[in-house]
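So this block is structure_35.txt, compact mmCIF, C-alpha atoms:
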# COMPACT_ATOMS: atom_id res chain seq x y z
CA MET A 1 -24.97 -0.30 4.72
CA GLN A 2 -26.69 2.74 6.23
CA GLU A 3 -27.04 0.96 9.61
CA SER A 4 -23.33 0.13 9.58
CA ALA A 5 -22.42 3.72 8.67
CA SER A 6 -24.63 5.05 11.45
CA PHE A 7 -22.94 2.73 13.95
CA TRP A 8 -19.41 3.86 13.07
CA LEU A 9 -20.36 7.53 12.92
CA GLY A 10 -22.17 7.25 16.26
CA LEU A 11 -19.22 5.48 17.85
CA GLY A 12 -16.82 8.20 16.70
CA ARG A 13 -19.05 10.98 18.01
CA SER A 14 -19.53 9.14 21.32
CA LEU A 15 -15.79 8.74 21.88
CA LYS A 16 -15.23 12.41 21.10
CA LYS A 17 -18.05 13.51 23.44
CA ILE A 18 -16.75 11.30 26.26
CA ALA A 19 -13.28 12.80 25.86
CA GLN A 20 -14.71 16.33 25.82
CA ASP A 21 -16.83 15.72 28.94
CA ALA A 22 -13.88 14.14 30.77
CA THR A 23 -11.40 16.88 29.95
CA GLY A 24 -13.72 19.88 29.63
CA SER A 25 -11.74 21.10 26.62
CA VAL A 26 -12.63 20.91 22.93
CA TRP A 27 -9.04 20.90 21.71
CA MET A 28 -8.12 18.20 24.23
CA ALA A 29 -11.03 16.09 23.00
CA GLU A 30 -9.86 16.61 19.41
CA MET A 31 -6.34 15.54 20.39
CA ILE A 32 -7.57 12.40 22.16
CA HIS A 33 -9.79 11.57 19.19
CA THR A 34 -6.85 12.03 16.82
CA LEU A 35 -4.54 9.89 18.95
CA ALA A 36 -7.18 7.15 19.08
CA ALA A 37 -7.40 7.21 15.27
CA VAL A 38 -3.59 7.04 14.96
CA VAL A 39 -3.51 4.05 17.30
CA ALA A 40 -6.24 2.40 15.22
CA ILE A 41 -4.29 2.93 11.98
CA LEU A 42 -1.09 1.62 13.59
CA SER A 43 -2.96 -1.43 14.86
CA ILE A 44 -4.30 -2.13 11.37
CA ILE A 45 -0.79 -2.00 9.90
CA LEU A 46 0.82 -4.19 12.57
CA LEU A 47 -1.95 -6.79 12.57
CA SER A 48 -2.00 -6.85 8.77
CA ALA A 49 1.74 -7.49 8.64
CA LEU A 50 1.43 -10.21 11.30
CA VAL A 51 -1.20 -12.05 9.28
CA LEU A 52 0.15 -11.36 5.80
CA VAL A 53 3.64 -12.71 6.47
CA TYR A 54 2.05 -16.03 7.39
CA LEU A 55 -0.38 -15.95 4.45
CA GLU A 56 2.42 -15.05 2.03
CA ARG A 57 4.24 -18.24 2.95
CA LYS A 58 1.08 -20.32 2.73
CA VAL A 59 0.17 -18.88 -0.69
CA CYS A 60 3.71 -19.58 -1.87
CA ALA A 61 3.50 -23.16 -0.56
CA TRP A 62 0.16 -23.69 -2.29
CA MET A 63 1.29 -22.28 -5.65
CA GLN A 64 4.73 -23.92 -5.71
CA MET A 65 3.76 -27.25 -4.08
CA ARG A 66 5.72 -26.60 -0.89
CA LEU A 67 4.89 -27.34 2.73
CA GLY A 68 5.08 -23.86 4.16
CA PRO A 69 5.11 -23.19 7.93
CA ASN A 70 3.88 -26.33 9.71
CA ARG A 71 5.96 -26.77 12.87
CA LEU A 72 5.29 -23.94 15.32
CA GLY A 73 1.69 -24.19 16.46
CA PRO A 74 -1.28 -25.59 14.52
CA PHE A 75 -0.61 -25.19 10.79
CA GLY A 76 2.49 -23.16 11.68
CA ILE A 77 0.50 -20.13 12.85
CA PHE A 78 3.13 -19.26 15.48
CA GLN A 79 5.94 -19.00 12.89
CA THR A 80 5.39 -15.26 12.39
CA ILE A 81 5.46 -14.71 16.17
CA ALA A 82 8.79 -16.54 16.29
CA ASP A 83 10.09 -14.30 13.51
CA ILE A 84 9.03 -11.18 15.44
CA LEU A 85 10.78 -12.39 18.59
CA LYS A 86 13.90 -13.12 16.55
CA LEU A 87 13.94 -9.64 15.04
CA MET A 88 13.29 -7.94 18.38
CA THR A 89 16.15 -9.78 20.09
CA LYS A 90 18.61 -9.69 17.19
CA GLU A 91 21.68 -7.51 17.67
CA ASP A 92 21.37 -4.02 16.19
CA ILE A 93 24.63 -3.52 14.32
CA GLN A 94 25.64 -0.11 12.99
CA PRO A 95 28.59 -0.21 10.56
CA THR A 96 31.46 2.12 11.39
CA LEU A 97 31.51 4.28 8.25
CA VAL A 98 27.80 4.98 7.79
CA SER A 99 26.29 8.46 8.02
CA PRO A 100 24.65 7.82 11.41
CA ILE A 101 21.76 10.31 11.37
CA MET A 102 20.54 9.56 7.84
CA TRP A 103 21.14 5.84 8.32
CA ALA A 104 19.02 5.78 11.49
CA LEU A 105 16.24 8.02 10.12
CA ALA A 106 15.69 6.14 6.84
CA PRO A 107 13.60 3.19 8.13
CA ILE A 108 11.60 5.43 10.47
CA LEU A 109 10.72 7.92 7.73
CA LEU A 110 9.74 5.12 5.36
CA PHE A 111 7.36 3.60 7.91
CA MET A 112 5.90 7.04 8.72
CA ALA A 113 5.15 7.66 5.04
CA ALA A 114 3.44 4.27 4.77
CA MET A 115 1.37 4.91 7.88
CA THR A 116 0.29 8.41 6.82
CA THR A 117 -1.31 7.16 3.59
CA TYR A 118 -4.00 5.38 5.64
CA ALA A 119 -5.38 8.73 6.81
CA VAL A 120 -7.49 9.14 3.66
CA ILE A 121 -8.65 5.54 3.13
CA PRO A 122 -12.41 5.08 3.71
CA PHE A 123 -12.94 1.71 5.43
CA ASP A 124 -16.72 2.25 5.51
CA ALA A 125 -19.20 5.09 5.14
CA GLY A 126 -17.95 7.74 7.56
CA VAL A 127 -15.09 5.56 8.81
CA ILE A 128 -12.12 7.62 7.65
CA PHE A 129 -9.48 9.58 9.52
CA ALA A 130 -9.55 12.61 7.20
CA ASP A 131 -11.96 12.78 4.27
CA LEU A 132 -10.00 15.42 2.39
CA ASN A 133 -11.23 17.11 -0.79
CA ILE A 134 -7.86 16.13 -2.30
CA GLY A 135 -7.80 12.67 -0.70
CA ILE A 136 -6.42 10.70 -3.66
CA PHE A 137 -3.85 13.44 -4.34
CA PHE A 138 -2.78 13.26 -0.69
CA PHE A 139 -2.33 9.49 -0.96
CA LEU A 140 -0.17 9.81 -4.08
CA ALA A 141 1.86 12.71 -2.68
CA VAL A 142 2.67 10.97 0.60
CA GLY A 143 3.23 7.58 -1.01
CA SER A 144 5.73 9.06 -3.46
CA GLN A 145 7.88 10.17 -0.52
CA ALA A 146 8.93 6.54 -0.01
CA SER A 147 11.70 6.88 -2.58
CA LEU A 148 13.57 9.43 -0.43
CA PRO A 149 14.07 7.22 2.69
CA LEU A 150 15.18 4.32 0.48
CA LEU A 151 17.69 6.57 -1.27
CA MET A 152 18.83 7.84 2.14
CA ALA A 153 19.35 4.27 3.33
CA GLY A 154 21.38 3.38 0.24
CA TRP A 155 23.55 6.50 0.25
CA SER A 156 24.20 6.62 4.00
CA SER A 157 25.18 2.94 4.26
CA ASN A 158 28.52 3.53 2.53
CA ASN A 159 28.02 0.30 0.60
CA LYS A 160 28.10 -0.03 -3.18
CA TYR A 161 25.28 -2.58 -3.26
CA ALA A 162 23.09 -0.40 -1.07
CA MET A 163 23.89 2.67 -3.17
CA ILE A 164 22.96 0.94 -6.42
CA GLY A 165 19.75 -0.27 -4.80
CA GLY A 166 18.91 3.26 -3.68
CA MET A 167 19.48 4.63 -7.18
CA ARG A 168 17.30 1.89 -8.64
CA THR A 169 14.60 2.88 -6.17
CA VAL A 170 14.45 6.44 -7.48
CA ALA A 171 14.48 5.37 -11.13
CA GLN A 172 11.83 2.70 -10.65
CA MET A 173 9.43 4.59 -8.43
CA ILE A 174 9.51 7.80 -10.47
CA SER A 175 9.05 5.84 -13.70
CA TYR A 176 5.99 3.95 -12.46
CA GLU A 177 4.41 6.81 -10.50
CA ILE A 178 3.57 8.56 -13.77
CA PRO A 179 1.38 5.79 -15.30
CA LEU A 180 -0.06 5.17 -11.82
CA VAL A 181 -1.26 8.77 -11.64
CA PHE A 182 -2.63 8.69 -15.18
CA SER A 183 -4.53 5.47 -14.43
CA ILE A 184 -6.24 7.18 -11.50
CA LEU A 185 -6.93 10.34 -13.51
CA GLY A 186 -9.63 8.60 -15.54
CA VAL A 187 -11.59 7.84 -12.34
CA VAL A 188 -11.18 11.43 -11.16
CA MET A 189 -12.44 12.71 -14.51
CA ILE A 190 -15.60 10.59 -14.29
CA THR A 191 -16.43 11.52 -10.69
CA GLY A 192 -15.26 15.12 -10.92
CA SER A 193 -13.76 14.83 -7.45
CA MET A 194 -10.60 13.68 -5.70
CA LYS A 195 -12.48 13.05 -2.46
CA MET A 196 -12.37 9.34 -1.63
CA SER A 197 -15.91 9.17 -0.26
CA ASP A 198 -17.28 10.86 -3.40
CA ILE A 199 -15.50 8.33 -5.59
CA VAL A 200 -17.06 5.44 -3.65
CA LYS A 201 -20.55 7.00 -3.77
CA ALA A 202 -20.23 7.42 -7.54
CA GLN A 203 -19.94 3.61 -7.83
CA GLU A 204 -23.20 2.72 -6.09
CA GLY A 205 -24.70 1.61 -9.40
CA LEU A 206 -21.64 0.51 -11.37
CA TRP A 207 -18.05 -0.12 -10.30
CA PHE A 208 -15.33 1.70 -12.20
CA ILE A 209 -13.55 -1.56 -13.02
CA VAL A 210 -16.28 -1.93 -15.68
CA THR A 211 -15.87 1.54 -17.17
CA GLN A 212 -12.08 1.76 -16.61
CA PRO A 213 -10.71 -1.79 -17.11
CA VAL A 214 -7.49 -0.61 -18.78
CA ALA A 215 -6.85 1.86 -15.97
CA PHE A 216 -7.37 -0.92 -13.42
CA VAL A 217 -4.79 -3.17 -15.08
CA ILE A 218 -2.30 -0.29 -15.35
CA TYR A 219 -2.87 0.61 -11.70
CA ILE A 220 -2.22 -2.96 -10.52
CA ILE A 221 1.00 -3.27 -12.52
CA ALA A 222 2.28 0.16 -11.48
CA ALA A 223 1.33 -0.42 -7.83
CA THR A 224 3.26 -3.72 -7.88
CA ALA A 225 6.32 -1.83 -9.07
CA GLU A 226 5.76 0.98 -6.54
CA THR A 227 5.70 -1.52 -3.66
CA ASN A 228 8.89 -3.22 -4.96
CA ARG A 229 7.30 -6.64 -5.23
CA ILE A 230 8.18 -9.41 -7.69
CA PRO A 231 8.45 -9.23 -10.67
CA PHE A 232 9.54 -5.62 -10.03
CA ASP A 233 11.77 -6.10 -6.96
CA LEU A 234 14.90 -4.76 -8.65
CA VAL A 235 15.55 -2.53 -5.64
CA GLU A 236 16.51 -5.47 -3.40
CA ALA A 237 17.44 -8.08 -6.01
CA GLU A 238 19.32 -10.52 -3.77
CA SER A 239 21.08 -12.24 -6.67
CA GLU A 240 22.65 -8.92 -7.67
CA LEU A 241 22.60 -6.49 -4.74
CA VAL A 242 22.48 -8.70 -1.60
CA ALA A 243 19.52 -6.71 -0.22
CA GLY A 244 19.84 -3.32 -1.91
CA PRO A 245 19.27 -0.36 0.45
CA PHE A 246 18.68 -2.75 3.38
CA THR A 247 22.07 -4.49 3.14
CA GLU A 248 23.61 -2.80 6.19
CA TYR A 249 20.52 -3.04 8.42
CA SER A 250 19.69 -5.71 10.97
CA GLY A 251 17.13 -6.46 13.67
CA MET A 252 14.16 -4.14 13.99
CA ARG A 253 15.66 -1.52 11.68
CA TRP A 254 15.58 -4.12 8.92
CA ALA A 255 12.05 -5.13 9.96
CA TYR A 256 10.81 -1.53 9.55
CA PHE A 257 11.58 -1.66 5.83
CA PHE A 258 9.54 -4.80 5.27
CA LEU A 259 6.78 -3.63 7.58
CA ALA A 260 6.53 -0.53 5.40
CA GLU A 261 6.45 -2.72 2.27
CA TYR A 262 3.46 -4.65 3.58
CA ALA A 263 1.82 -1.42 4.72
CA PHE A 264 2.19 0.06 1.23
CA MET A 265 0.84 -3.16 -0.33
CA VAL A 266 -2.25 -3.10 1.89
CA GLY A 267 -2.66 0.64 1.22
CA ALA A 268 -2.44 0.09 -2.54
CA SER A 269 -5.04 -2.70 -2.22
CA CYS A 270 -7.33 -0.39 -0.25
CA VAL A 271 -7.06 2.31 -2.91
CA ALA A 272 -7.74 -0.24 -5.67
CA ALA A 273 -10.87 -1.38 -3.82
CA THR A 274 -11.92 2.24 -3.34
CA LEU A 275 -11.31 3.48 -6.88
CA PHE A 276 -12.28 0.47 -8.98
CA LEU A 277 -14.25 -2.04 -6.86
CA GLY A 278 -16.86 0.20 -5.28
CA GLY A 279 -15.27 0.60 -1.85
CA TRP A 280 -17.75 -0.33 0.86
CA ASN A 281 -20.65 -0.73 -1.62
CA GLY A 282 -22.31 -4.14 -1.71
CA PRO A 283 -25.60 -5.89 -0.94
CA TRP A 284 -26.74 -7.51 2.34
CA LEU A 285 -23.45 -7.40 4.27
CA PRO A 286 -22.16 -4.38 6.25
CA GLY A 287 -19.94 -2.01 4.28
CA TRP A 288 -16.78 -2.72 6.21
CA ILE A 289 -17.09 -6.46 5.45
CA TRP A 290 -17.39 -5.74 1.73
CA PHE A 291 -14.36 -3.48 1.92
CA PHE A 292 -12.39 -6.17 3.77
CA LEU A 293 -13.30 -8.82 1.18
CA LYS A 294 -12.32 -6.60 -1.75
CA VAL A 295 -9.01 -5.62 -0.15
CA SER A 296 -8.28 -9.28 0.64
CA ALA A 297 -8.88 -10.18 -3.01
CA MET A 298 -6.42 -7.47 -4.12
CA ILE A 299 -3.79 -8.63 -1.62
CA PHE A 300 -4.13 -12.18 -2.91
CA LEU A 301 -3.62 -10.83 -6.45
CA PHE A 302 -0.36 -9.17 -5.41
CA MET A 303 0.80 -12.43 -3.77
CA TRP A 304 -0.22 -14.37 -6.85
CA PHE A 305 2.01 -12.13 -8.97
CA ARG A 306 4.94 -12.58 -6.59
CA TRP A 307 4.95 -16.37 -6.68
CA THR A 308 4.11 -16.72 -10.39
CA PHE A 309 6.25 -14.34 -12.43
CA PRO A 310 10.06 -14.27 -12.57
CA ARG A 311 12.01 -11.10 -11.90
CA ILE A 312 12.62 -9.00 -15.00
CA ARG A 313 15.84 -7.17 -15.93
CA VAL A 314 16.43 -3.51 -15.16
CA ASP A 315 16.28 -2.46 -18.82
CA GLN A 316 13.04 -4.42 -19.29
CA LEU A 317 11.60 -2.75 -16.21
CA MET A 318 12.31 0.75 -17.47
CA SER A 319 11.27 0.05 -21.06
CA PHE A 320 7.96 -1.47 -19.98
CA GLY A 321 7.16 1.53 -17.79
CA TRP A 322 8.02 4.25 -20.30
CA LYS A 323 7.19 2.54 -23.61
CA VAL A 324 4.11 0.50 -22.69
CA LEU A 325 2.37 1.64 -19.50
CA LEU A 326 2.80 5.39 -20.00
CA PRO A 327 1.37 5.53 -23.57
CA LEU A 328 -1.48 3.21 -22.54
CA SER A 329 -2.34 5.34 -19.51
CA ILE A 330 -2.31 8.56 -21.57
CA ALA A 331 -4.46 6.93 -24.25
CA ASN A 332 -6.93 5.84 -21.54
CA VAL A 333 -7.17 9.44 -20.28
CA VAL A 334 -7.78 10.74 -23.80
CA LEU A 335 -10.45 8.13 -24.53
CA THR A 336 -12.11 8.82 -21.18
CA GLY A 337 -12.23 12.53 -22.01
CA ILE A 338 -13.72 11.82 -25.44
CA GLY A 339 -16.32 9.52 -23.89
CA LEU A 340 -17.32 12.13 -21.33
CA TRP A 341 -17.57 14.77 -24.05
CA LEU A 342 -19.73 12.57 -26.26
CA PHE A 343 -22.09 11.08 -23.68
CA PHE A 344 -22.08 13.73 -20.95
CA PRO A 345 -21.62 17.07 -22.73
CA LEU A 346 -21.49 20.20 -20.61
CA ASN A 347 -24.57 22.39 -20.70

Can the structure in the file be given as structure tokens, please?
Amino acid sequence: MQESASFWLGLGRSLKKIAQDATGSVWMAEMIHTLAAVVAILSIILLSALVLVYLERKVCAWMQMRLGPNRLGPFGIFQTIADILKLMTKEDIQPTLVSPIMWALAPILLFMAAMTTYAVIPFDAGVIFADLNIGIFFFLAVGSQASLPLLMAGWSSNNKYAMIGGMRTVAQMISYEIPLVFSILGVVMITGSMKMSDIVKAQEGLWFIVTQPVAFVIYIIAATAETNRIPFDLVEAESELVAGPFTEYSGMRWAYFFLAEYAFMVGASCVAATLFLGGWNGPWLPGWIWFFLKVSAMIFLFMWFRWTFPRIRVDQLMSFGWKVLLPLSIANVVLTGIGLWLFFPLN
């Protein structure tokens, strides 16, 4: 793990030094280094979406005894590429009575919020865009902004189905953000830090999924609701709302919404691996491989949920969040505090 960390740290310093020598300016080197990191994050999101759309269909086919993509290319691997070409060439239709500025900004702002959350995710020791002292708080704060673009899309579309979907977005995401935060609070209490790298280092001997199993379950359920995935996809329930906030969007504007959904799902999986599964910690293999394997396992879990459970009703969704998850998450925080007081008393 130390050799892998040294490699990534050395590579980052080398790129920064090359940029500084080439430009002769420190701030220019910092800018080039930052742009390179942004491009890297964007590449991760786009490549993840490209692969996950295909895997989602294959997982669905495996679980529901379907064929899945099997025509375009070997094992249907070119199906996602065909979908991308279709979306890029599809006509971009803007309805007459929409609020044009808010309608156009909504998908862009949603994707920007999803992309920004990756800034504080540690992919390996030292491989992080910004290792902030309030890293987990930054992730939650930026991720919570997703409700605003979805509400903007619903309100500005001048469509009753889109408007209802936007209102459901606010109700659902606010309701499940609270138990999500409380589930993470137990980990923060144990480590005494909100810095992502510190949380990973605190799990070198024992992963927090062992000491915080209830928090892990609450986090997974709340994250599923936050990313609007089945069984919590009430925002875009096609049997009721056509497509919710996305009803009046087409082409690449429509694709931005679902690209952001996959980006948030991968981000939530990365945070789960960081907080509860030890991050890059693991024997024999390089840290980034361990992180990739743990994130892949979490993504599969989210897909498993989607193709196993039926969609629940709106009233069930809200009741479960406020009457079950919230009390459980608060009880977990209280028990964690009592455990720390009993076994690790302050001097």

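The gap separating atom CA of A:Ile299 from atom CA of A:Gln64 is 18.0 Å, in Å to one decimal.
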
I'd like the neighbourhood of A:Val120 as an NGL selection string, where a residue qualifies if any of its atoms comes within 7 Å (using all atoms listed in the file), though same-chain residues fewer than 5 positions away should be ignored.
:A and (128-132 or 135 or 139)

Just checking: using all atoms listed in the file, which residue out of A:Leu326, A:Val334, A:Met298, A:Ala125 ends up closest to A:Val181?
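Going through A:Leu326, A:Val334, A:Met298, A:Ala125 one by one, the smallest distance to A:Val181 is for A:Leu326.
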
From the list A:Leu335, A:Leu67, A:Ile199, A:Ala263, which residue is nearest A:Ser43 when using only C-alpha atoms?
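Among A:Leu335, A:Leu67, A:Ile199, A:Ala263, it is A:Ala263 that comes nearest to A:Ser43.
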
Please measure the separation of atom CA of A:Val53 and atom CA of A:Ile221, giving the value in Å to one decimal.
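Between atom CA of A:Val53 and atom CA of A:Ile221 the gap is 21.4 Å.
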
Neighbouring residues of A:Leu328 were defined as those with any atom within 9 Å, considering only C-alpha atoms; residues of the same chain fewer than 2 positions away were excluded. Please report them as an MDAnalysis selection string.
chainID A and resid 179 183 214:215 218 323:326 330:333

With all atoms listed in the file as the atoms that count, which of A:Leu259, A:Ile121, A:Leu340, A:Met303 lies nearest to A:Ile190?
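Of all the options, A:Leu340 lies closest to A:Ile190.
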
As a check of understanding: the span from atom CA of A:Thr96 to atom CA of A:Ala114 is 28.9 Å

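Residue nearest A:Leu105 within the list A:Leu150, A:Ile93, A:Val200, A:Ala141: A:Leu150 [criterion: smallest interatomic distance, all atoms listed in the file].
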
A:Gly267, A:Pro231, A:Pro283, A:Pro100 ranked by distance to A:Arg311, top pick (using only C-alpha atoms):
A:Pro231

With 12 Å as the threshold, what does the neighbourhood of (19.0, -5.7, -5.5) contain in terms of residues, counting all atoms listed in the file? Coordinates are those of the file; answer as a PyMOL selection string.
chain A and resi 154+160-169+228-230+232-247+311-314

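Proximity ranking of A:Met252, A:Leu35, A:Val217, A:Ala268 relative to A:Leu140 places A:Ala268 first, based on only C-alpha atoms.
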
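Excluding A:Val188 and any residue on its chain fewer than 6 positions from it, the residues at most 10 Å away by only C-alpha atoms are Ile136, Phe182, Met194, Lys195, Met196, Asp198, Ile199 and Leu275 of chain A.
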
Can you pull out the residues contacting A:Val266? Cut-off 12 Å, using only C-alpha atoms, and skip same-chain residues under 2 positions away; I want them as a tab-separated table (two decimals) with C-alpha atoms, in the frame of the given file.
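Dumped everything to result14.tsv:
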chain	number	residue	atom	x	y	z
A	41	ILE	CA	-4.29	2.93	11.98
A	44	ILE	CA	-4.30	-2.13	11.37
A	45	ILE	CA	-0.79	-2.00	9.90
A	46	LEU	CA	0.82	-4.19	12.57
A	47	LEU	CA	-1.95	-6.79	12.57
A	48	SER	CA	-2.00	-6.85	8.77
A	49	ALA	CA	1.74	-7.49	8.64
A	51	VAL	CA	-1.20	-12.05	9.28
A	52	LEU	CA	0.15	-11.36	5.80
A	114	ALA	CA	3.44	4.27	4.77
A	115	MET	CA	1.37	4.91	7.88
A	117	THR	CA	-1.31	7.16	3.59
A	118	TYR	CA	-4.00	5.38	5.64
A	121	ILE	CA	-8.65	5.54	3.13
A	223	ALA	CA	1.33	-0.42	-7.83
A	224	THR	CA	3.26	-3.72	-7.88
A	227	THR	CA	5.70	-1.52	-3.66
A	259	LEU	CA	6.78	-3.63	7.58
A	260	ALA	CA	6.53	-0.53	5.40
A	261	GLU	CA	6.45	-2.72	2.27
A	262	TYR	CA	3.46	-4.65	3.58
A	263	ALA	CA	1.82	-1.42	4.72
A	264	PHE	CA	2.19	0.06	1.23
A	268	ALA	CA	-2.44	0.09	-2.54
A	269	SER	CA	-5.04	-2.70	-2.22
A	270	CYS	CA	-7.33	-0.39	-0.25
A	271	VAL	CA	-7.06	2.31	-2.91
A	272	ALA	CA	-7.74	-0.24	-5.67
A	273	ALA	CA	-10.87	-1.38	-3.82
A	292	PHE	CA	-12.39	-6.17	3.77
A	294	LYS	CA	-12.32	-6.60	-1.75
A	295	VAL	CA	-9.01	-5.62	-0.15
A	296	SER	CA	-8.28	-9.28	0.64
A	297	ALA	CA	-8.88	-10.18	-3.01
A	298	MET	CA	-6.42	-7.47	-4.12
A	299	ILE	CA	-3.79	-8.63	-1.62
A	300	PHE	CA	-4.13	-12.18	-2.91
A	301	LEU	CA	-3.62	-10.83	-6.45
A	302	PHE	CA	-0.36	-9.17	-5.41
A	303	MET	CA	0.80	-12.43	-3.77

Residue neighbourhood A:Ser157, 7 Å, all atoms listed in the file, exclusion window fewer than 2 positions, as number ranges by chain:
A: 98-99, 103, 153-155, 159, 162, 248
